[in-house]
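Dumped work-v4.txt below, it's compact mmCIF, C-alpha atoms:
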# COMPACT_ATOMS: atom_id res chain seq x y z
CA MET H 1 46.51 80.43 14.01
CA LYS H 2 47.39 80.39 17.64
CA ARG H 3 50.76 81.63 18.80
CA ASN H 4 51.97 78.20 20.04
CA GLU H 5 50.97 76.55 16.79
CA ALA H 6 52.82 79.15 14.77
CA PHE H 7 55.91 78.63 16.90
CA PHE H 8 55.69 74.84 16.40
CA PHE H 9 55.42 75.05 12.62
CA LYS H 10 58.24 77.56 12.51
CA ARG H 11 60.54 75.15 14.36
CA LEU H 12 59.38 72.24 12.19
CA LYS H 13 60.14 74.18 9.04
CA ARG H 14 63.58 75.08 10.35
CA LYS H 15 64.36 71.41 11.19
CA SER H 16 63.18 70.08 7.85
CA HIS H 17 66.11 71.66 6.07
CA GLY H 18 68.27 68.52 6.68
CA PHE H 19 70.92 67.07 8.98
CA THR H 20 73.37 69.30 10.69
CA LEU H 21 77.08 68.55 10.28
CA ILE H 22 77.28 67.19 13.81
CA GLU H 23 74.31 64.86 13.22
CA LEU H 24 75.88 63.60 9.99
CA LEU H 25 79.21 62.93 11.72
CA VAL H 26 77.42 61.02 14.48
CA VAL H 27 75.64 58.81 11.89
CA ILE H 28 78.92 58.14 10.07
CA ALA H 29 80.61 57.25 13.36
CA ILE H 30 77.82 54.81 14.23
CA ILE H 31 78.02 53.14 10.80
CA ALA H 32 81.81 52.85 11.08
CA LEU H 33 81.44 51.28 14.53
CA LEU H 34 78.90 48.76 13.28
CA LEU H 35 81.12 47.82 10.32
CA SER H 36 84.12 47.32 12.61
CA LEU H 37 82.02 44.93 14.67
CA LEU H 38 80.50 43.06 11.73
CA LEU H 39 83.42 42.68 9.28
CA PRO H 40 85.55 40.27 11.38
CA GLY H 41 82.51 38.04 11.79
CA LEU H 42 81.75 38.14 8.08
CA LYS H 43 85.37 37.38 7.23
CA LYS H 44 85.40 34.45 9.63
CA ALA H 45 82.13 33.12 8.19
CA ARG H 46 83.54 33.39 4.66
CA LYS H 47 86.65 31.43 5.61
CA GLN H 48 84.55 28.80 7.34
CA THR H 49 82.41 28.46 4.21
CA GLN H 50 85.54 27.96 2.11
CA THR H 51 86.72 25.24 4.51
CA VAL H 52 83.39 23.44 4.17
CA ILE H 53 83.50 23.68 0.36
CA CYS H 54 87.05 22.29 0.33
CA SER H 55 86.00 19.39 2.55
CA SER H 56 83.04 18.71 0.26
CA ASN H 57 85.40 18.69 -2.74
CA MET H 58 87.51 16.03 -1.06
CA ARG H 59 84.50 13.84 -0.28
CA GLN H 60 83.40 14.01 -3.91
CA ILE H 61 86.90 13.06 -5.04
CA GLY H 62 86.77 10.21 -2.53
CA PHE H 63 83.51 8.99 -4.08
CA ALA H 64 85.19 9.03 -7.49
CA ALA H 65 88.07 7.03 -6.00
CA VAL H 66 85.62 4.40 -4.77
CA LEU H 67 84.11 4.06 -8.24
CA TYR H 68 87.56 3.92 -9.78
CA ALA H 69 88.59 1.16 -7.38
CA GLU H 70 85.45 -0.85 -8.16
CA ALA H 71 86.27 -0.67 -11.85
CA ASN H 72 89.97 -1.45 -11.39
CA ASP H 73 90.17 -4.52 -9.17
CA THR H 74 90.20 -2.38 -5.94
CA TYR H 75 93.30 -0.42 -6.96
CA VAL H 76 93.58 3.34 -6.45
CA PRO H 77 96.08 5.65 -8.18
CA ARG H 78 99.06 7.07 -6.34
CA GLY H 79 101.44 9.91 -7.24
CA GLY H 80 102.45 9.70 -10.86
CA SER H 81 100.71 6.42 -11.55
CA LEU H 82 98.90 6.17 -14.88
CA GLY H 83 99.83 9.75 -15.66
CA THR H 84 98.17 11.73 -12.86
CA TRP H 85 95.60 10.80 -10.22
CA PHE H 86 93.20 13.64 -11.09
CA LYS H 87 92.98 12.45 -14.70
CA CYS H 88 92.22 8.91 -13.55
CA PHE H 89 89.05 10.08 -11.77
CA LEU H 90 87.53 12.04 -14.66
CA PRO H 91 85.19 9.23 -15.85
CA TYR H 92 83.86 8.77 -12.29
CA LEU H 93 82.90 12.33 -11.38
CA GLY H 94 79.37 12.18 -12.77
CA GLN H 95 77.84 13.12 -16.10
CA GLY H 96 78.63 16.78 -15.59
CA TYR H 97 82.32 15.89 -15.58
CA ASN H 98 82.30 13.45 -18.47
CA ILE H 99 85.17 15.33 -20.08
CA THR H 100 88.82 14.88 -20.95
CA ASP H 101 90.15 18.21 -19.68
CA TYR H 102 90.66 18.06 -15.91
CA ARG H 103 90.71 21.87 -15.73
CA SER H 104 86.94 21.93 -16.08
CA VAL H 105 86.51 20.07 -12.79
CA LYS H 106 85.75 22.67 -10.12
CA ILE H 107 86.13 20.26 -7.21
CA TYR H 108 89.87 20.04 -7.94
CA ARG H 109 90.16 23.64 -6.73
CA CYS H 110 90.05 24.78 -3.11
CA PRO H 111 88.35 28.20 -2.83
CA SER H 112 90.95 29.23 -0.24
CA PHE H 113 93.93 28.61 -2.51
CA PRO H 114 95.66 32.01 -2.97
CA ASP H 115 96.75 31.67 -6.60
CA LYS H 116 93.63 31.27 -8.73
CA LYS H 117 95.72 30.06 -11.68
CA GLN H 118 96.33 26.79 -9.82
CA THR H 119 94.21 24.05 -11.41
CA VAL H 120 94.88 21.30 -8.83
CA CYS H 121 94.73 22.38 -5.19
CA TYR H 122 95.28 18.94 -3.64
CA VAL H 123 98.16 16.50 -3.27
CA VAL H 124 97.81 12.73 -3.07
CA SER H 125 99.80 10.26 -0.99
CA SER H 126 102.36 8.16 -2.85
CA TRP H 127 104.08 7.27 0.43
CA THR H 128 104.62 3.61 1.25
CA PHE H 129 106.54 1.74 3.93
CA ASN H 130 108.22 -1.66 3.82
CA ASP H 131 106.88 -2.70 7.22
CA LYS H 132 106.03 -1.29 10.66
CA ASN H 133 109.74 -0.90 11.47
CA ASP H 134 110.38 1.29 8.41
CA LEU H 135 110.47 4.87 9.76
CA ASN H 136 111.19 6.72 6.52
CA GLY H 137 109.28 5.03 3.73
CA HIS H 138 109.65 5.80 0.04
CA GLU H 139 107.73 6.88 -3.05
CA ILE H 140 105.45 4.58 -4.99
CA THR H 141 104.11 5.54 -8.42
CA THR H 142 102.04 2.48 -9.27
CA PRO H 143 98.42 1.93 -8.18
CA THR H 144 97.85 0.32 -4.79
CA ARG H 145 95.20 -2.17 -3.73
CA LEU H 146 92.93 -0.84 -0.99
CA SER H 147 93.51 -3.96 1.11
CA THR H 148 97.17 -2.90 1.42
CA PHE H 149 96.16 -0.12 3.82
CA LEU H 150 95.86 -1.64 7.27
CA HIS H 151 94.15 1.35 8.91
CA PRO H 152 92.12 3.20 6.25
CA MET H 153 90.20 5.28 8.79
CA SER H 154 93.41 6.92 9.98
CA THR H 155 95.50 6.86 6.79
CA VAL H 156 95.61 9.98 4.61
CA TYR H 157 95.02 9.68 0.89
CA MET H 158 94.82 13.37 -0.03
CA ALA H 159 95.59 16.79 1.48
CA ASP H 160 95.53 20.51 0.73
CA ASN H 161 98.31 21.53 -1.65
CA GLU H 162 100.80 24.11 -0.32
CA GLU H 163 101.31 27.44 -2.07
CA GLY H 164 104.66 29.24 -2.29
CA SER H 165 107.56 30.22 -4.51
CA TRP H 166 108.95 26.66 -4.36
CA ARG H 167 105.62 25.03 -5.28
CA PRO H 168 104.63 24.67 -8.94
CA VAL H 169 101.44 26.27 -10.22
CA ILE H 170 99.92 23.72 -12.58
CA GLN H 171 97.91 25.33 -15.37
CA ASN H 172 97.72 22.49 -17.88
CA GLU H 173 98.92 18.96 -18.60
CA SER H 174 102.09 20.16 -20.32
CA ASP H 175 103.50 21.72 -17.14
CA PRO H 176 106.76 19.87 -16.36
CA ASP H 177 106.06 19.82 -12.60
CA ILE H 178 102.68 18.14 -12.88
CA GLN H 179 104.16 15.05 -11.19
CA ARG H 180 104.94 17.03 -8.02
CA LEU H 181 101.38 16.82 -6.72
CA ASP H 182 102.09 14.00 -4.29
CA VAL H 183 103.56 13.36 -0.83
CA TRP H 184 106.20 10.74 -0.03
CA THR H 185 108.61 12.08 2.61
CA ALA H 186 108.52 13.84 5.98
CA THR H 187 109.78 17.12 4.50
CA HIS H 188 106.56 17.32 2.48
CA LEU H 189 104.44 17.52 5.63
CA PRO H 190 102.94 20.82 6.90
CA ALA H 191 105.29 21.09 9.89
CA SER H 192 108.35 21.03 7.60
CA ASN H 193 110.42 24.21 7.41
CA ASN H 194 111.81 23.30 3.99
CA THR H 195 110.35 26.00 1.76
CA THR H 196 113.07 26.29 -0.89
CA ASP H 197 113.55 22.82 -2.37
CA ILE H 198 111.12 22.06 -5.19
CA THR H 199 111.57 18.30 -4.67
CA ASN H 200 111.77 17.99 -0.89
CA GLY H 201 110.08 21.20 0.22
CA ARG H 202 106.74 21.34 2.03
CA ARG H 203 103.85 20.12 -0.14
CA VAL H 204 100.98 19.89 2.34
CA ALA H 205 99.54 23.30 3.24
CA LYS H 206 100.50 24.53 6.68
CA ASN H 207 97.74 27.08 7.25
CA ARG H 208 95.25 26.69 4.43
CA HIS H 209 92.28 26.60 6.79
CA ARG H 210 92.84 28.37 10.10
CA GLU H 211 95.99 26.73 11.52
CA GLY H 212 95.78 23.51 9.58
CA SER H 213 94.39 21.82 6.47
CA ASN H 214 91.75 19.41 5.23
CA TYR H 215 92.58 15.75 4.65
CA LEU H 216 90.83 12.91 2.84
CA PHE H 217 91.30 9.50 4.48
CA LEU H 218 91.14 6.07 2.88
CA ASP H 219 87.74 5.29 4.36
CA TRP H 220 86.80 8.37 2.27
CA HIS H 221 85.87 10.75 5.06
CA ALA H 222 87.30 14.28 5.01
CA GLU H 223 88.58 15.96 8.16
CA TYR H 224 90.28 19.18 9.27
CA ILE H 225 93.49 18.58 11.25
CA PRO H 226 95.66 21.29 12.83
CA THR H 227 99.27 21.33 11.63
CA LYS H 228 100.54 20.69 15.15
CA ASP H 229 98.70 17.35 15.19
CA MET H 230 99.73 16.12 11.73
CA SER H 231 102.59 13.59 11.61
CA VAL H 232 104.01 10.68 9.62
CA LYS H 233 101.72 8.21 11.40
CA PHE H 234 98.74 9.48 9.38
CA TRP H 235 100.47 8.48 6.14
CA ARG H 236 101.65 4.97 7.01
CA ASP H 237 100.14 2.12 4.99
CA LYS H 238 101.72 -0.53 7.21
Any chance you could put this one into structure tokens?
Amino acid sequence: MKRNEAFFFKRLKRKSHGFTLIELLVVIAIIALLLSLLLPGLKKARKQTQTVICSSNMRQIGFAAVLYAEANDTYVPRGGSLGTWFKCFLPYLGQGYNITDYRSVKIYRCPSFPDKKQTVCYVVSSWTFNDKNDLNGHEITTPTRLSTFLHPMSTVYMADNEEGSWRPVIQNESDPDIQRLDVWTATHLPASNNTTDITNGRRVAKNRHREGSNYLFLDWHAEYIPTKDMSVKFWRDK
């Protein structure tokens, strides 16, 4: 074996023993840098996916509302009407949901809702107004005919439910606060600072998705709206 070849194989043998400590630290540093660059993007993508799933849930609920209205002389449930709105839609959610226990319906849960014990992650509008000059409105608990809503494309029917110490976590039909899954006053809106009163405190999520929430309108399209843009006008039926 020539001298140069022997020298080469000697160096190769010495290098094949493994990484040096410095090389290992460099690799770890590179991996850490890549993770720091990738994780925010992955987290953002995950949140965006949850927003899309929530919006899809609302559209499916809207489809059930259409079927319910067709079977009930164009009426749709509000607030506490007929028990609870989410029970009214059970027969219209497809064969997979032909059940009596609403807790088995996955589309009633928003994947972004913090407390996974919550079985209903949406609130419905039971807000009605006497006329266009009525600035405050009041609660209605009976079903409403769709023709009552003058501007269905811009009138909210459903929104993301707020989470907090003042908001009830509904786990089954026997929960006493099951009737608090509706909206009927300005203090229920996402811009409200009332976060202590179980009756008048904020009920529409302020920051469920980015800096706003998803909403289902009475033409049955779902839309994300920032909290800063949400106001009483979106809830008026007259």
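Candidate residues H:Leu218, H:Pro226, H:Glu163, H:Thr74 were compared for distance to H:Ile198, and the nearest is H:Glu163, using only C-alpha atoms.
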Self-check item: Proximity to H:Ile140 - best of H:Tyr224, H:Tyr122, H:Trp127, H:Phe89, only C-alpha atoms
Solution: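 For H:Ile140, the nearest of the candidates is H:Trp127.
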Quiz item: What's the 12 Å shell around H:Lys116, counting all atoms listed in the file, without same-chain residues fewer than 4 positions away, as a PyMOL selection string?
Solution: chain H and resi 106+108-112+120-121+163+169-171
Quiz item: Which one is closest to H:Trp166: H:Asp237, H:Ser154, H:Asp229, H:Asp197? Count only C-alpha atoms.
Solution: H:Asp197
Quiz item: Suppose you want the space between atom CA of H:Phe149 and atom CA of H:Tyr75; what is it in Å?
Solution: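 Computing it gives 11.2 Å between the two atoms.
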Practice problem: Write out as a list in words the residues lying within 10 Å of H:Lys233, counting only C-alpha atoms and excluding same-chain residues fewer than 2 positions away. | Solution: Leu135, Ser154, Thr155, Val156, Met230, Ser231, Trp235, Arg236, Asp237 and Lys238 of chain H
Exercise. Between H:Gln50, H:Ala32, H:Gly201, H:Val105, single out the one closest to H:Ser213, counting all atoms listed in the file.
Key: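 Among the listed residues, H:Gln50 lies closest to H:Ser213.
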Practice problem: Fewer than 2 positions away in the same chain doesn't count, so skip those; otherwise give me all residues within 8 Å of H:Leu216, counting only C-alpha atoms, as a list of chain:residue names. | Solution: H:Met58, H:Arg59, H:Gly62, H:Val156, H:Tyr157, H:Met158, H:Ala159, H:Asn214, H:Leu218, H:Trp220, H:His221, H:Ala222, H:Glu223
Exercise. Please measure the separation of atom CA of H:Pro91 and atom CA of H:Pro77, giving the value in Å to one decimal.
Key: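 Going from atom CA of H:Pro91 over to atom CA of H:Pro77 covers 13.8 Å.
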Close residues, H:Ala205 itself excluded, 6 Å, only C-alpha atoms, min 5 positions apart in chain, as a short mmCIF file (atom, residue, chain, number, x, y, z; two decimals) with C-alpha atoms, in the frame of the given file:
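As a result, part_32.cif now contains:
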data_model
loop_
_atom_site.label_atom_id
_atom_site.label_comp_id
_atom_site.auth_asym_id
_atom_site.auth_seq_id
_atom_site.Cartn_x
_atom_site.Cartn_y
_atom_site.Cartn_z
CA ASP H 160 95.53 20.51 0.73
CA ASN H 161 98.31 21.53 -1.65
CA GLU H 162 100.80 24.11 -0.32
CA PRO H 190 102.94 20.82 6.90
#
Is it possible to get the axis-aligned box enclosing stretch 109-123 of chain H (all listed atoms, 4 Å extra per side) as JSON, with centre and edge lengths in Å rounded to one decimal?
{"center_x": 93.3, "center_y": 24.3, "center_z": -6.0, "size_x": 17.8, "size_y": 23.5, "size_z": 19.4}
Quiz item: Which neighbours of H:Glu173 fall inside 12 Å, counting all atoms listed in the file, when residues of the same chain fewer than 6 positions from it are skipped, and could you give them as a PyMOL selection string?
Solution: chain H and resi 83-84+86-87+100-103+119-120+179
Exercise. Go through H:Asn200, H:Leu37, H:Phe129, H:Val124 one by one, measure the shortest atom-to-atom distance of each to H:Thr148 using only C-alpha atoms, and give the residue with the smallest value.
Key: H:Phe129
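The residue that comes closest to H:Ala69, out of H:Pro143, H:Gly164, H:Pro176, H:Gly212 and on the basis of all atoms listed in the file, is H:Pro143.
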Quiz item: Can you tell me how far atom CA of H:Ser55 sits from atom CA of H:Ile107, in Å to one decimal?
Solution: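 A separation of 9.8 Å between them.
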